[in-house]
$ cat entry02.txt   # compact mmCIF, C-alpha atoms
# COMPACT_ATOMS: atom_id res chain seq x y z
CA MET A 102 95.78 -36.35 24.84
CA ASP A 103 99.30 -36.40 26.27
CA GLY A 104 98.05 -37.00 29.81
CA PHE A 105 96.18 -40.09 28.69
CA ALA A 106 99.29 -41.34 26.87
CA GLN A 107 101.47 -40.76 29.96
CA ALA A 108 98.95 -42.58 32.16
CA THR A 109 99.08 -45.51 29.75
CA GLN A 110 102.87 -45.57 30.04
CA ASN A 111 102.74 -45.59 33.84
CA ILE A 112 100.20 -48.40 33.99
CA VAL A 113 102.04 -50.55 31.45
CA GLN A 114 105.34 -49.98 33.24
CA GLY A 115 104.06 -51.74 36.35
CA PHE A 116 102.76 -54.71 34.39
CA SER A 117 105.89 -55.07 32.28
CA GLY A 118 108.12 -55.11 35.36
CA THR A 119 106.06 -57.87 36.94
CA LEU A 120 105.90 -59.80 33.67
CA SER A 121 109.65 -59.57 33.06
CA ASP A 122 110.37 -60.75 36.61
CA LYS A 123 107.99 -63.66 36.28
CA LEU A 124 109.09 -64.79 32.80
CA GLN A 125 112.77 -63.85 33.15
CA LYS A 126 112.58 -62.59 29.54
CA ARG A 127 113.80 -59.05 30.20
CA LYS A 128 115.69 -58.58 26.95
CA SER A 129 112.78 -59.72 24.76
CA ILE A 130 110.29 -57.47 26.53
CA ALA A 131 112.61 -54.46 26.37
CA LEU A 132 113.28 -55.03 22.67
CA ALA A 133 109.54 -55.31 21.99
CA GLY A 134 109.08 -51.95 23.71
CA TYR A 135 111.76 -50.34 21.55
CA LEU A 136 110.13 -51.87 18.45
CA LEU A 137 106.70 -50.45 19.33
CA ALA A 138 108.16 -46.98 19.83
CA ALA A 139 110.11 -47.21 16.55
CA ILE A 140 106.93 -48.11 14.67
CA ALA A 141 104.91 -45.36 16.36
CA LYS A 142 107.24 -42.44 15.53
CA PRO A 143 106.71 -42.49 11.74
CA LEU A 144 102.99 -43.14 12.20
CA MET A 145 102.67 -39.84 14.07
CA GLY A 146 104.25 -38.00 11.16
CA LEU A 147 102.15 -39.77 8.55
CA SER A 148 98.84 -39.28 10.30
CA THR A 149 96.41 -36.75 8.84
CA VAL A 150 93.80 -36.80 11.62
CA TRP A 151 94.11 -36.30 15.36
CA GLN A 152 92.85 -39.82 16.07
CA GLY A 153 95.81 -41.24 14.17
CA VAL A 154 98.24 -39.10 16.13
CA PHE A 155 96.53 -40.14 19.35
CA GLY A 156 96.79 -43.84 18.46
CA ALA A 157 100.44 -43.50 17.46
CA ARG A 158 101.19 -41.58 20.65
CA LEU A 159 99.55 -44.31 22.72
CA LEU A 160 101.61 -46.93 20.87
CA ASP A 161 104.77 -44.92 21.56
CA ARG A 162 104.01 -44.64 25.28
CA LEU A 163 103.02 -48.31 25.38
CA GLY A 164 106.46 -49.13 24.03
CA ALA A 165 108.19 -46.79 26.47
CA GLY A 166 106.30 -48.25 29.42
CA SER A 167 106.95 -51.84 28.45
CA ARG A 168 110.70 -51.35 28.04
CA ALA A 169 111.56 -49.23 31.11
CA ALA A 170 111.40 -51.76 33.96
CA PRO A 171 113.02 -54.68 32.09
CA ARG A 172 115.78 -52.37 30.81
CA ASP A 173 116.50 -51.12 34.33
CA ALA A 174 116.61 -54.71 35.61
CA LEU A 175 119.03 -55.68 32.82
CA ILE A 176 121.32 -52.80 33.75
CA ALA A 177 121.17 -53.64 37.45
CA SER A 178 121.96 -57.30 36.81
CA SER A 179 125.00 -56.37 34.72
CA VAL A 180 126.67 -54.52 37.62
CA ASP A 181 128.96 -56.47 39.95
CA GLU A 182 127.47 -57.00 43.42
CA ASN A 183 130.41 -55.23 45.12
CA ASP A 184 129.95 -52.22 42.85
CA GLN A 185 126.24 -52.12 43.69
CA ARG A 186 127.06 -51.78 47.38
CA LYS A 187 129.61 -49.04 46.66
CA GLY A 188 126.96 -47.08 44.80
CA LEU A 189 124.61 -47.23 47.77
CA ARG A 190 127.23 -45.73 50.08
CA ALA A 191 128.19 -42.93 47.72
$ encode --input "entry02.txt" --output "structure tokens"
Amino acid sequence: MDGFAQATQNIVQGFSGTLSDKLQKRKSIALAGYLLAAIAKPLMGLSTVWQGVFGARLLDRLGAGSRAAPRDALIASSVDENDQRKGLRA
């Protein structure tokens, strides 16, 4: 179950990075990913059958995958260009 959820995260991560680059809507995509994960956490606790836990876990990993690349791009764009070069030399 967890392997399938992790695979979902990895696949979505590639698509979300491409989508955020194309749309230039990094903050919105990252926030949507955080929202999905926030919704999924209580659903896992409330579920009484394994299928519910599986669905909530997929939703959580979908959120994590969709927020990772846009969040990293937001962080990179907030660093001064001179500081970026210093980090590469360190």
$ residues_around --input "entry02.txt" --residues "Thr109 of chain A" --least-positions-apart "5" --cutoff "8 Å" --atoms "all atoms listed in the file" --output "list in words"
Leu159, Arg162, Leu163 and Gly166 of chain A
$ closest_residue --input "entry02.txt" --among "A:Ala108, A:Leu160, A:Ile176, A:Met102" --to "Tyr135 of chain A" --atoms "all atoms listed in the file"
A:Leu160
$ atom_distance --input "entry02.txt" --atom1 "atom CA of Leu132 of chain A" --atom2 "atom CA of Asp181 of chain A"
23.4 Å
$ closest_residue --input "entry02.txt" --among "A:Pro171, A:Asp103, A:Gly115, A:Val150" --to "Gly134 of chain A" --atoms "all atoms listed in the file"
A:Pro171
$ atom_distance --input "entry02.txt" --atom1 "atom CA of Leu124 of chain A" --atom2 "atom CA of Ser178 of chain A"
15.4 Å
$ closest_residue --input "entry02.txt" --among "A:Ala141, A:Lys128, A:Ser167, A:Val180" --to "Phe155 of chain A" --atoms "all atoms listed in the file"
A:Ala141
$ atom_distance --input "entry02.txt" --atom1 "atom CA of Arg172 of chain A" --atom2 "atom CA of Arg127 of chain A"
7.0 Å
$ residues_near_point --input "entry02.txt" --point "(110.6, -54.5, 30.5)" --cutoff "9 Å" --atoms "all atoms listed in the file" --output "MDAnalysis selection string"
chainID A and resid 114 116:122 126:134 166:175
$ residues_around --input "entry02.txt" --residues "Ala138 of chain A" --least-positions-apart "5" --cutoff "7 Å" --atoms "all atoms listed in the file" --output "short mmCIF file (atom, residue, chain, number, x, y, z; two decimals) with C-alpha atoms, in the coordinates of the input"
data_model
loop_
_atom_site.label_atom_id
_atom_site.label_comp_id
_atom_site.auth_asym_id
_atom_site.auth_seq_id
_atom_site.Cartn_x
_atom_site.Cartn_y
_atom_site.Cartn_z
CA LEU A 160 101.61 -46.93 20.87
CA ASP A 161 104.77 -44.92 21.56
CA GLY A 164 106.46 -49.13 24.03
CA ALA A 165 108.19 -46.79 26.47
#
$ axis_aligned_box --input "entry02.txt" --around "segment 124-130 of chain A" --padding-each-side "3 Å" --output "lines of an AutoDock Vina configuration file"
center_x = 112.4
center_y = -61.1
center_z = 29.0
size_x = 12.6
size_y = 13.3
size_z = 14.4
$ decode --input "entry02.txt" --residues "segment 134-160 of chain A" --atoms "N, CA, C and O atoms" --output "compact mmCIF listing (two decimals), in the first residue's frame"
# COMPACT_ATOMS: atom_id res chain seq x y z
N GLY A 134 -1.44 21.60 -2.81
CA GLY A 134 -0.83 20.38 -2.30
C GLY A 134 -0.89 20.30 -0.78
O GLY A 134 -1.20 19.24 -0.22
N TYR A 135 -0.62 21.41 -0.12
CA TYR A 135 -0.73 21.43 1.35
C TYR A 135 -2.17 21.20 1.79
O TYR A 135 -2.42 20.51 2.79
N LEU A 136 -3.13 21.75 1.06
CA LEU A 136 -4.54 21.56 1.39
C LEU A 136 -4.95 20.09 1.26
O LEU A 136 -5.63 19.55 2.14
N LEU A 137 -4.53 19.44 0.18
CA LEU A 137 -4.85 18.02 0.00
C LEU A 137 -4.31 17.18 1.15
O LEU A 137 -5.00 16.31 1.67
N ALA A 138 -3.07 17.44 1.53
CA ALA A 138 -2.46 16.69 2.62
C ALA A 138 -3.18 16.96 3.95
O ALA A 138 -3.37 16.05 4.75
N ALA A 139 -3.59 18.21 4.17
CA ALA A 139 -4.29 18.55 5.40
C ALA A 139 -5.66 17.88 5.49
O ALA A 139 -6.11 17.51 6.57
N ILE A 140 -6.30 17.71 4.35
CA ILE A 140 -7.59 17.01 4.32
C ILE A 140 -7.40 15.51 4.53
O ILE A 140 -8.18 14.85 5.22
N ALA A 141 -6.33 14.96 3.98
CA ALA A 141 -6.10 13.52 4.02
C ALA A 141 -5.77 13.01 5.42
O ALA A 141 -6.16 11.90 5.78
N LYS A 142 -5.04 13.78 6.21
CA LYS A 142 -4.59 13.31 7.53
C LYS A 142 -5.77 12.90 8.42
O LYS A 142 -5.76 11.79 8.95
N PRO A 143 -6.78 13.74 8.61
CA PRO A 143 -7.89 13.30 9.46
C PRO A 143 -8.69 12.14 8.85
O PRO A 143 -9.24 11.32 9.58
N LEU A 144 -8.74 12.09 7.52
CA LEU A 144 -9.47 11.00 6.88
C LEU A 144 -8.84 9.64 7.20
O LEU A 144 -9.55 8.65 7.34
N MET A 145 -7.51 9.60 7.32
CA MET A 145 -6.84 8.35 7.68
C MET A 145 -7.27 7.91 9.07
O MET A 145 -7.53 6.73 9.31
N GLY A 146 -7.36 8.85 9.99
CA GLY A 146 -7.76 8.52 11.35
C GLY A 146 -9.22 8.13 11.48
O GLY A 146 -9.58 7.34 12.35
N LEU A 147 -10.06 8.69 10.65
CA LEU A 147 -11.49 8.42 10.71
C LEU A 147 -11.90 7.16 9.96
O LEU A 147 -13.00 6.65 10.18
N SER A 148 -11.05 6.66 9.12
CA SER A 148 -11.41 5.51 8.29
C SER A 148 -11.52 4.24 9.13
O SER A 148 -10.73 3.99 10.04
N THR A 149 -12.50 3.42 8.79
CA THR A 149 -12.71 2.16 9.50
C THR A 149 -12.38 0.93 8.65
O THR A 149 -12.43 -0.19 9.15
N VAL A 150 -12.05 1.16 7.39
CA VAL A 150 -11.69 0.04 6.50
C VAL A 150 -10.37 0.38 5.80
O VAL A 150 -10.01 1.55 5.63
N TRP A 151 -9.67 -0.64 5.36
CA TRP A 151 -8.35 -0.41 4.76
C TRP A 151 -8.46 0.39 3.46
O TRP A 151 -7.55 1.15 3.13
N GLN A 152 -9.55 0.25 2.74
CA GLN A 152 -9.71 1.00 1.50
C GLN A 152 -9.77 2.51 1.76
O GLN A 152 -9.26 3.30 0.97
N GLY A 153 -10.39 2.88 2.86
CA GLY A 153 -10.43 4.29 3.23
C GLY A 153 -9.07 4.83 3.60
O GLY A 153 -8.70 5.95 3.23
N VAL A 154 -8.30 4.04 4.32
CA VAL A 154 -6.93 4.43 4.67
C VAL A 154 -6.09 4.55 3.40
O VAL A 154 -5.32 5.49 3.24
N PHE A 155 -6.27 3.60 2.50
CA PHE A 155 -5.52 3.61 1.24
C PHE A 155 -5.85 4.86 0.43
O PHE A 155 -4.95 5.55 -0.09
N GLY A 156 -7.13 5.19 0.32
CA GLY A 156 -7.53 6.39 -0.42
C GLY A 156 -7.00 7.66 0.22
O GLY A 156 -6.51 8.56 -0.48
N ALA A 157 -7.06 7.73 1.55
CA ALA A 157 -6.55 8.91 2.25
C ALA A 157 -5.04 9.00 2.10
O ALA A 157 -4.48 10.10 1.95
N ARG A 158 -4.36 7.87 2.14
CA ARG A 158 -2.90 7.87 1.96
C ARG A 158 -2.53 8.32 0.56
O ARG A 158 -1.55 9.06 0.37
N LEU A 159 -3.28 7.88 -0.44
CA LEU A 159 -3.04 8.34 -1.81
C LEU A 159 -3.26 9.85 -1.92
O LEU A 159 -2.48 10.55 -2.57
N LEU A 160 -4.31 10.34 -1.29
CA LEU A 160 -4.59 11.78 -1.30
C LEU A 160 -3.46 12.55 -0.63
O LEU A 160 -3.03 13.60 -1.13
